[in-house]
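Novice: I'd like to ask you about the structure that follows.
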Amino acid sequence: MTSQANCCKEFEVLLQFEFAKGENGVYQAAYRLCNSSMGWIFVNGSFTAPMKDFSSARLLVRGLDVGVKYLMDNVSLHEVPENVNWFGEANANIDKYRKSNANMRFILPAGVRQSDFDVQVKLKRHQFAFGSLIKDTLITATPATAYSQLVYHMFNWATVQSYKWKFDKGTLRRPDYSVALQATDVLNSHGLKVRGHSIFFDFAKNNPKNIVKLGSRSLQKEMDKHLMYMCNITFGKLAHWDVQNEHIRGQYYEETRKDTEVTKNIFRQVKQLVNNTKLYFNDVMGVLSGASTEGLTQLMKQYLSEGVPVDGLGIQGHSKPYIKPDPTMIWRRLDRLAMTQLELFITEFDVLTPE
C-alpha cells in the first residue's frame, strides 16, 4: 500500500446483496485501520448472509482516501460450517469451567436419625461476572426503589455510564459527576463491582459541544485535564475503566490532533494514575461482526506489542435487521479475540430479528 496519509484510515471489504423489489443492502465483512507505514497488511473477517431472498451478491472494497493508491495481492472466500452441537458443548463447558462440587460433613447429635435431619443450601452470590448498565438516579434514590432492589438481587457487577464526558453536569472549569460518583458508592456498598463508562469516546458527537470547537493544541490540554480529573475522583472506586470507547470506528481525537498515538498515550497516562483498576478498550460489534472482531484483534496485537497497558476488551454486540445472531460465529469470534490474551467482557448486547 502507498499512501501520503499520516493518520490511520479505514479499509473495508463489503458484501452488497440485491434483494427483491430492487432493494439492496451493504454489510461489512472485513475492516482494518491502516496507513502507508504498515506496508503489506492482512485483512480478514466474516459475515452472515441476511435472512431475505436475494438474487446476487457482490464483493466490494472501500477506502482509503481519494487518490490513495493500494495493491491487492490475493482474495479468498470460504464457507464456515455450522456447529450444530454448540448448545451441548456450551453446557459441557459450563459444567467443566463454571461449576465445582461442595463437600459438607455433618455430625448428628446422639439419638438423631439421618432421616430427621433436613439440610437446605441456598446460593447467595456467584463469582461469574453478571451485570447491567444501571440508571444512576434510580440507584441513588431514597428510600430504595424496586429497581435498585432488583439490581442488588440479580447482579454482582454494574456499569455507570454517566462518567462520559458528554454527560458532565458542570463546566470545563468546574466539572460535576456527583451523581455518577454517588451511584458508584451505593453500588460498592452493596457488594457490586463497578465499571466506569467511559473516560473518552472517539466521536465528535459524543463529546461536549465546547470541546469539539477546539483546535489540536487546546484539545490536548483539555483532554489531559479531563483524564487526570476522572482518575482522581474515581480512585479506588472502580473495578474497570472503559478508557476509550469505539475507537476503531471513530478517530475524532486522532484526526483533530493529527496524531495516531493519541489513544495509546491515553492508556499510558491512565495507567500512571490508577493502580487497582483494570483498563479496558471498549468497542462495537465484536461478536456480531467478523469485521470488527478482526479489526479489534489486529489493533490489540499492535497495542500489546508496543507495551500499551490494556487489560481487557469490552465487546459490544448490536444486531442488525435480518441478520440472525449465529452461535457458531459468535463462539469463533470470541475465540479469536481471546487469542489476544486480554480479559473479555460482553459489555453491550441486543438482538433485533424478525424471527
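Ordering of the C-alpha cells sets the chain letters (A, B, ...); residue numbers start at 1 within each chain; ligands are numbered from 1 in the order shown.
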Segment 162-269 of chain A near segment 284-304 of chain A within 9 Å: what's each residue's closest atom pair and its distance in Å to one decimal, counting only C-alpha atoms, ordered by chain then ascending residue number, as JSON lines?
Specialist:
{"residue": "A:Asn245", "atom": "CA", "partner": "A:Val284", "partner_atom": "CA", "distance": 8.4}
{"residue": "A:Glu246", "atom": "CA", "partner": "A:Val284", "partner_atom": "CA", "distance": 5.9}
{"residue": "A:His247", "atom": "CA", "partner": "A:Val284", "partner_atom": "CA", "distance": 8.8}
{"residue": "A:Ile248", "atom": "CA", "partner": "A:Gly295", "partner_atom": "CA", "distance": 7.3}
{"residue": "A:Arg249", "atom": "CA", "partner": "A:Val284", "partner_atom": "CA", "distance": 8.0}
{"residue": "A:Lys264", "atom": "CA", "partner": "A:Tyr303", "partner_atom": "CA", "distance": 7.2}
Novice: Extract, using only C-alpha atoms, all DNA, RNA and protein residues at most 9 Å from Asp136 of chain A, discarding same-chain residues fewer than 6 positions from it, and format them as a PyMOL selection string.
Specialist: chain A and resi 160-162+179-180+182-184
Novice: What gap, in Å, lies between atom CA of Glu89 of chain A and atom CA of Ala158 of chain A?
Specialist: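 If I compute the distance from atom CA of Glu89 of chain A to atom CA of Ala158 of chain A, I get 28.7 Å.
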Novice: Pull the alpha helix (DSSP H) assignments for segment 6-199 of chain A out of DSSP run on the backbone, and list those residues as a PDB file with N, CA, C and O atoms, in the first residue's frame.
Specialist:
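selection.pdb was written with the following content:
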ATOM      1  N   TRP A  86     -23.367 -26.825  19.228  1.00  0.00           N
ATOM      2  CA  TRP A  86     -22.853 -25.743  20.067  1.00  0.00           C
ATOM      3  C   TRP A  86     -23.529 -25.683  21.433  1.00  0.00           C
ATOM      4  O   TRP A  86     -22.874 -25.403  22.452  1.00  0.00           O
ATOM      5  N   PHE A  87     -24.839 -25.961  21.478  1.00  0.00           N
ATOM      6  CA  PHE A  87     -25.555 -25.840  22.744  1.00  0.00           C
ATOM      7  C   PHE A  87     -25.075 -26.883  23.748  1.00  0.00           C
ATOM      8  O   PHE A  87     -24.811 -26.578  24.921  1.00  0.00           O
ATOM      9  N   GLY A  88     -24.938 -28.116  23.297  1.00  0.00           N
ATOM     10  CA  GLY A  88     -24.449 -29.172  24.179  1.00  0.00           C
ATOM     11  C   GLY A  88     -23.020 -28.916  24.628  1.00  0.00           C
ATOM     12  O   GLY A  88     -22.669 -29.143  25.794  1.00  0.00           O
ATOM     13  N   GLU A  89     -22.181 -28.438  23.710  1.00  0.00           N
ATOM     14  CA  GLU A  89     -20.798 -28.139  24.055  1.00  0.00           C
ATOM     15  C   GLU A  89     -20.716 -26.981  25.047  1.00  0.00           C
ATOM     16  O   GLU A  89     -19.879 -26.986  25.955  1.00  0.00           O
ATOM     17  N   ALA A  90     -21.597 -25.997  24.878  1.00  0.00           N
ATOM     18  CA  ALA A  90     -21.614 -24.864  25.807  1.00  0.00           C
ATOM     19  C   ALA A  90     -21.978 -25.325  27.219  1.00  0.00           C
ATOM     20  O   ALA A  90     -21.352 -24.921  28.206  1.00  0.00           O
ATOM     21  N   ASN A  91     -22.988 -26.182  27.325  1.00  0.00           N
ATOM     22  CA  ASN A  91     -23.377 -26.696  28.638  1.00  0.00           C
ATOM     23  C   ASN A  91     -22.269 -27.542  29.257  1.00  0.00           C
ATOM     24  O   ASN A  91     -22.041 -27.496  30.474  1.00  0.00           O
ATOM     25  N   ALA A  92     -21.575 -28.316  28.421  1.00  0.00           N
ATOM     26  CA  ALA A  92     -20.464 -29.127  28.926  1.00  0.00           C
ATOM     27  C   ALA A  92     -19.345 -28.234  29.455  1.00  0.00           C
ATOM     28  O   ALA A  92     -18.733 -28.521  30.496  1.00  0.00           O
ATOM     29  N   ASN A  93     -19.086 -27.139  28.770  1.00  0.00           N
ATOM     30  CA  ASN A  93     -18.052 -26.206  29.229  1.00  0.00           C
ATOM     31  C   ASN A  93     -18.465 -25.492  30.511  1.00  0.00           C
ATOM     32  O   ASN A  93     -17.627 -25.204  31.371  1.00  0.00           O
ATOM     33  N   ILE A  94     -19.774 -25.197  30.628  1.00  0.00           N
ATOM     34  CA  ILE A  94     -20.263 -24.594  31.869  1.00  0.00           C
ATOM     35  C   ILE A  94     -20.032 -25.551  33.038  1.00  0.00           C
ATOM     36  O   ILE A  94     -19.562 -25.160  34.112  1.00  0.00           O
ATOM     37  N   ASP A  95     -20.355 -26.831  32.832  1.00  0.00           N
ATOM     38  CA  ASP A  95     -20.129 -27.828  33.879  1.00  0.00           C
ATOM     39  C   ASP A  95     -18.645 -27.937  34.239  1.00  0.00           C
ATOM     40  O   ASP A  95     -18.277 -28.095  35.407  1.00  0.00           O
ATOM     41  N   LYS A  96     -17.791 -27.841  33.221  1.00  0.00           N
ATOM     42  CA  LYS A  96     -16.361 -28.043  33.436  1.00  0.00           C
ATOM     43  C   LYS A  96     -15.682 -26.828  34.053  1.00  0.00           C
ATOM     44  O   LYS A  96     -14.872 -26.965  34.977  1.00  0.00           O
ATOM     45  N   TYR A  97     -16.024 -25.633  33.552  1.00  0.00           N
ATOM     46  CA  TYR A  97     -15.273 -24.443  33.951  1.00  0.00           C
ATOM     47  C   TYR A  97     -16.003 -23.543  34.946  1.00  0.00           C
ATOM     48  O   TYR A  97     -15.363 -22.738  35.630  1.00  0.00           O
ATOM     49  N   ASP A 136     -28.383   5.703  37.154  1.00  0.00           N
ATOM     50  CA  ASP A 136     -27.800   6.165  38.412  1.00  0.00           C
ATOM     51  C   ASP A 136     -28.793   6.881  39.315  1.00  0.00           C
ATOM     52  O   ASP A 136     -28.750   6.734  40.540  1.00  0.00           O
ATOM     53  N   THR A 137     -29.718   7.649  38.742  1.00  0.00           N
ATOM     54  CA  THR A 137     -30.670   8.386  39.581  1.00  0.00           C
ATOM     55  C   THR A 137     -31.628   7.457  40.313  1.00  0.00           C
ATOM     56  O   THR A 137     -32.134   7.805  41.387  1.00  0.00           O
ATOM     57  N   LEU A 138     -31.901   6.272  39.749  1.00  0.00           N
ATOM     58  CA  LEU A 138     -32.765   5.303  40.429  1.00  0.00           C
ATOM     59  C   LEU A 138     -32.002   4.553  41.515  1.00  0.00           C
ATOM     60  O   LEU A 138     -32.569   4.197  42.554  1.00  0.00           O
ATOM     61  N   ILE A 139     -30.708   4.331  41.276  1.00  0.00           N
ATOM     62  CA  ILE A 139     -29.890   3.653  42.280  1.00  0.00           C
ATOM     63  C   ILE A 139     -29.687   4.548  43.512  1.00  0.00           C
ATOM     64  O   ILE A 139     -29.647   4.075  44.647  1.00  0.00           O
ATOM     65  N   ALA A 146     -37.857  -0.380  43.927  1.00  0.00           N
ATOM     66  CA  ALA A 146     -37.931  -1.752  43.427  1.00  0.00           C
ATOM     67  C   ALA A 146     -36.836  -1.993  42.395  1.00  0.00           C
ATOM     68  O   ALA A 146     -36.286  -3.101  42.292  1.00  0.00           O
ATOM     69  N   TYR A 147     -36.497  -0.946  41.641  1.00  0.00           N
ATOM     70  CA  TYR A 147     -35.436  -1.055  40.632  1.00  0.00           C
ATOM     71  C   TYR A 147     -34.100  -1.391  41.295  1.00  0.00           C
ATOM     72  O   TYR A 147     -33.398  -2.327  40.883  1.00  0.00           O
ATOM     73  N   SER A 148     -33.734  -0.632  42.313  1.00  0.00           N
ATOM     74  CA  SER A 148     -32.441  -0.874  42.968  1.00  0.00           C
ATOM     75  C   SER A 148     -32.418  -2.229  43.658  1.00  0.00           C
ATOM     76  O   SER A 148     -31.397  -2.935  43.627  1.00  0.00           O
ATOM     77  N   GLN A 149     -33.538  -2.650  44.267  1.00  0.00           N
ATOM     78  CA  GLN A 149     -33.582  -3.953  44.910  1.00  0.00           C
ATOM     79  C   GLN A 149     -33.391  -5.079  43.896  1.00  0.00           C
ATOM     80  O   GLN A 149     -32.740  -6.090  44.180  1.00  0.00           O
ATOM     81  N   LEU A 150     -33.951  -4.894  42.699  1.00  0.00           N
ATOM     82  CA  LEU A 150     -33.763  -5.890  41.640  1.00  0.00           C
ATOM     83  C   LEU A 150     -32.298  -5.962  41.219  1.00  0.00           C
ATOM     84  O   LEU A 150     -31.747  -7.051  41.031  1.00  0.00           O
ATOM     85  N   VAL A 151     -31.641  -4.805  41.091  1.00  0.00           N
ATOM     86  CA  VAL A 151     -30.222  -4.769  40.727  1.00  0.00           C
ATOM     87  C   VAL A 151     -29.385  -5.509  41.761  1.00  0.00           C
ATOM     88  O   VAL A 151     -28.534  -6.343  41.425  1.00  0.00           O
ATOM     89  N   TYR A 152     -29.639  -5.247  43.047  1.00  0.00           N
ATOM     90  CA  TYR A 152     -28.854  -5.888  44.102  1.00  0.00           C
ATOM     91  C   TYR A 152     -29.113  -7.394  44.141  1.00  0.00           C
ATOM     92  O   TYR A 152     -28.215  -8.176  44.481  1.00  0.00           O
ATOM     93  N   HIS A 153     -30.314  -7.802  43.807  1.00  0.00           N
ATOM     94  CA  HIS A 153     -30.661  -9.227  43.849  1.00  0.00           C
ATOM     95  C   HIS A 153     -30.099  -9.987  42.651  1.00  0.00           C
ATOM     96  O   HIS A 153     -29.633 -11.126  42.797  1.00  0.00           O
ATOM     97  N   MET A 154     -30.109  -9.360  41.474  1.00  0.00           N
ATOM     98  CA  MET A 154     -29.769 -10.063  40.239  1.00  0.00           C
ATOM     99  C   MET A 154     -28.281 -10.024  39.890  1.00  0.00           C
ATOM    100  O   MET A 154     -27.741 -10.980  39.335  1.00  0.00           O
ATOM    101  N   SER A 178     -21.152  14.228  40.261  1.00  0.00           N
ATOM    102  CA  SER A 178     -21.552  13.837  41.613  1.00  0.00           C
ATOM    103  C   SER A 178     -22.559  12.691  41.607  1.00  0.00           C
ATOM    104  O   SER A 178     -22.498  11.802  42.476  1.00  0.00           O
ATOM    105  N   VAL A 179     -23.491  12.671  40.661  1.00  0.00           N
ATOM    106  CA  VAL A 179     -24.497  11.600  40.635  1.00  0.00           C
ATOM    107  C   VAL A 179     -23.841  10.270  40.281  1.00  0.00           C
ATOM    108  O   VAL A 179     -24.135   9.230  40.890  1.00  0.00           O
ATOM    109  N   ALA A 180     -22.941  10.277  39.316  1.00  0.00           N
ATOM    110  CA  ALA A 180     -22.227   9.055  38.947  1.00  0.00           C
ATOM    111  C   ALA A 180     -21.406   8.534  40.126  1.00  0.00           C
ATOM    112  O   ALA A 180     -21.391   7.328  40.413  1.00  0.00           O
ATOM    113  N   LEU A 181     -20.751   9.428  40.828  1.00  0.00           N
ATOM    114  CA  LEU A 181     -19.944   9.026  41.982  1.00  0.00           C
ATOM    115  C   LEU A 181     -20.818   8.485  43.108  1.00  0.00           C
ATOM    116  O   LEU A 181     -20.467   7.482  43.751  1.00  0.00           O
ATOM    117  N   GLN A 182     -21.949   9.132  43.358  1.00  0.00           N
ATOM    118  CA  GLN A 182     -22.851   8.652  44.403  1.00  0.00           C
ATOM    119  C   GLN A 182     -23.385   7.268  44.063  1.00  0.00           C
ATOM    120  O   GLN A 182     -23.452   6.379  44.917  1.00  0.00           O
ATOM    121  N   ALA A 183     -23.760   7.063  42.784  1.00  0.00           N
ATOM    122  CA  ALA A 183     -24.255   5.747  42.367  1.00  0.00           C
ATOM    123  C   ALA A 183     -23.175   4.692  42.539  1.00  0.00           C
ATOM    124  O   ALA A 183     -23.447   3.565  42.983  1.00  0.00           O
ATOM    125  N   THR A 184     -21.931   5.041  42.209  1.00  0.00           N
ATOM    126  CA  THR A 184     -20.819   4.106  42.367  1.00  0.00           C
ATOM    127  C   THR A 184     -20.630   3.726  43.827  1.00  0.00           C
ATOM    128  O   THR A 184     -20.450   2.543  44.158  1.00  0.00           O
ATOM    129  N   ASP A 185     -20.697   4.702  44.712  1.00  0.00           N
ATOM    130  CA  ASP A 185     -20.537   4.426  46.141  1.00  0.00           C
ATOM    131  C   ASP A 185     -21.662   3.528  46.656  1.00  0.00           C
ATOM    132  O   ASP A 185     -21.417   2.603  47.449  1.00  0.00           O
ATOM    133  N   VAL A 186     -22.887   3.783  46.232  1.00  0.00           N
ATOM    134  CA  VAL A 186     -24.023   2.963  46.679  1.00  0.00           C
ATOM    135  C   VAL A 186     -23.864   1.524  46.180  1.00  0.00           C
ATOM    136  O   VAL A 186     -24.077   0.563  46.933  1.00  0.00           O
ATOM    137  N   LEU A 187     -23.500   1.365  44.929  1.00  0.00           N
ATOM    138  CA  LEU A 187     -23.315   0.027  44.366  1.00  0.00           C
ATOM    139  C   LEU A 187     -22.198  -0.715  45.086  1.00  0.00           C
ATOM    140  O   LEU A 187     -22.337  -1.906  45.414  1.00  0.00           O
ATOM    141  N   ASN A 188     -21.088  -0.034  45.324  1.00  0.00           N
ATOM    142  CA  ASN A 188     -19.987  -0.673  46.052  1.00  0.00           C
ATOM    143  C   ASN A 188     -20.407  -1.095  47.447  1.00  0.00           C
ATOM    144  O   ASN A 188     -20.014  -2.159  47.940  1.00  0.00           O
ATOM    145  N   SER A 189     -21.224  -0.265  48.098  1.00  0.00           N
ATOM    146  CA  SER A 189     -21.657  -0.583  49.463  1.00  0.00           C
ATOM    147  C   SER A 189     -22.539  -1.824  49.506  1.00  0.00           C
ATOM    148  O   SER A 189     -22.669  -2.463  50.556  1.00  0.00           O
TER     149      SER A 189
END
Novice: If we count only C-alpha atoms and set the cut-off at 8 Å, which residues sit around Thr48 of chain A, ignoring sequence neighbours fewer than 5 positions away in its own chain? Please answer as JSON, numbers by chain.
Specialist: {"A": [323, 324, 326]}
Novice: May I have the residues from that selection written out with N, CA, C and O atoms, as a JSON list (two decimals), in the first residue's frame?
Specialist:
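File written: out.json
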[["chain", "number", "residue", "atom", "x", "y", "z"],
["A", 323, "ILE", "N", -30.32, -10.02, 10.17],
["A", 323, "ILE", "CA", -29.08, -10.75, 10.37],
["A", 323, "ILE", "C", -29.23, -11.52, 11.68],
["A", 323, "ILE", "O", -29.15, -10.95, 12.76],
["A", 324, "LYS", "N", -29.49, -12.79, 11.58],
["A", 324, "LYS", "CA", -29.76, -13.61, 12.76],
["A", 324, "LYS", "C", -28.46, -13.89, 13.51],
["A", 324, "LYS", "O", -27.47, -14.34, 12.91],
["A", 326, "ASP", "N", -25.64, -15.71, 15.11],
["A", 326, "ASP", "CA", -25.20, -17.07, 14.79],
["A", 326, "ASP", "C", -24.29, -17.58, 15.91],
["A", 326, "ASP", "O", -23.16, -17.10, 16.06]]
Novice: Just checking: using only C-alpha atoms, which residue out of A:Leu15, A:Met104, A:Gln114, A:Cys8 ends up closest to Gly63 of chain A?
Specialist: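 Using only C-alpha atoms, the shortest distance to Gly63 of chain A belongs to A:Cys8.
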Novice: Any idea what's packed within 12 Å of Gln127 of chain A, counting only C-alpha atoms, ignoring anything in its chain fewer than 2 positions away? Could you give it as a VMD selection string?
Specialist: chain A and resid 97 to 100 123 to 125 129 to 131 155 to 157 191 to 193
Novice: Name the closest residue to Val13 of chain A among the candidates A:Met51, A:Met72, A:Val262, A:Val194; distances are taken between atoms, counting only C-alpha atoms.
Specialist: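 With only C-alpha atoms as the atom set, the closest residue is A:Met72.
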Novice: Suppose you want the space between atom CA of Asn83 of chain A and atom CA of Met329 of chain A; what is it in Å?
Specialist: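 According to the coordinates, atom CA of Asn83 of chain A and atom CA of Met329 of chain A are separated by 9.0 Å.
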Novice: Can I get the residues of segment 88-207 of chain A within 12 Å of segment 270-279 of chain A, each with the closest pair of atoms and their distance in Å to one decimal, using only C-alpha atoms, sorted chain first then ascending number, as a Markdown table?
Specialist:
| residue | atom | partner | partner_atom | distance |
| --- | --- | --- | --- | --- |
| A:Lys193 | CA | A:Thr277 | CA | 10.9 |
| A:Val194 | CA | A:Thr277 | CA | 10.1 |
| A:Arg195 | CA | A:Thr277 | CA | 9.3 |
| A:Gly196 | CA | A:Thr277 | CA | 9.9 |
| A:His197 | CA | A:Leu279 | CA | 11.0 |
| A:Ser198 | CA | A:Leu279 | CA | 10.5 |
| A:Ile199 | CA | A:Val270 | CA | 9.6 |
| A:Phe200 | CA | A:Val270 | CA | 11.4 |
Novice: Go ahead and write the residues just picked, N, CA and C atoms, as a compact mmCIF listing (two decimals), in the first residue's frame.
Specialist:
# COMPACT_ATOMS: atom_id res chain seq x y z
N LYS A 193 -19.35 -4.79 41.95
CA LYS A 193 -18.20 -4.17 41.31
C LYS A 193 -18.71 -3.25 40.20
N VAL A 194 -18.00 -2.16 39.97
CA VAL A 194 -18.49 -1.13 39.06
C VAL A 194 -17.51 -0.91 37.91
N ARG A 195 -18.08 -0.82 36.69
CA ARG A 195 -17.33 -0.41 35.51
C ARG A 195 -17.67 1.06 35.22
N GLY A 196 -16.65 1.87 35.04
CA GLY A 196 -16.86 3.26 34.68
C GLY A 196 -16.85 3.41 33.17
N HIS A 197 -17.88 4.03 32.62
CA HIS A 197 -18.02 4.15 31.16
C HIS A 197 -18.33 5.61 30.81
N SER A 198 -17.47 6.26 30.09
CA SER A 198 -16.09 5.95 29.75
C SER A 198 -15.32 7.26 29.83
N ILE A 199 -13.98 7.20 29.93
CA ILE A 199 -13.23 8.45 30.04
C ILE A 199 -13.31 9.23 28.73
N PHE A 200 -13.09 8.53 27.61
CA PHE A 200 -13.15 9.17 26.30
C PHE A 200 -14.02 8.38 25.34
Novice: Suppose you want the space between atom CA of Phe19 of chain A and atom CA of Leu352 of chain A; what is it in Å?
Specialist: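 Between atom CA of Phe19 of chain A and atom CA of Leu352 of chain A the gap is 19.4 Å.
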Novice: Would you list, as a VMD selection string, the residues of segment 79-232 of chain A that end up in strand (DSSP E) under DSSP run on this structure's backbone?
Specialist: chain A and resid 131 to 133 157 to 160 193 to 201
Novice: Nearest residue to Phe42 of chain A out of A:Ala144, A:Ala110, A:Val75, A:Val26, using only C-alpha atoms?
Specialist: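 Counting only C-alpha atoms, the residue closest to Phe42 of chain A is A:Val75.
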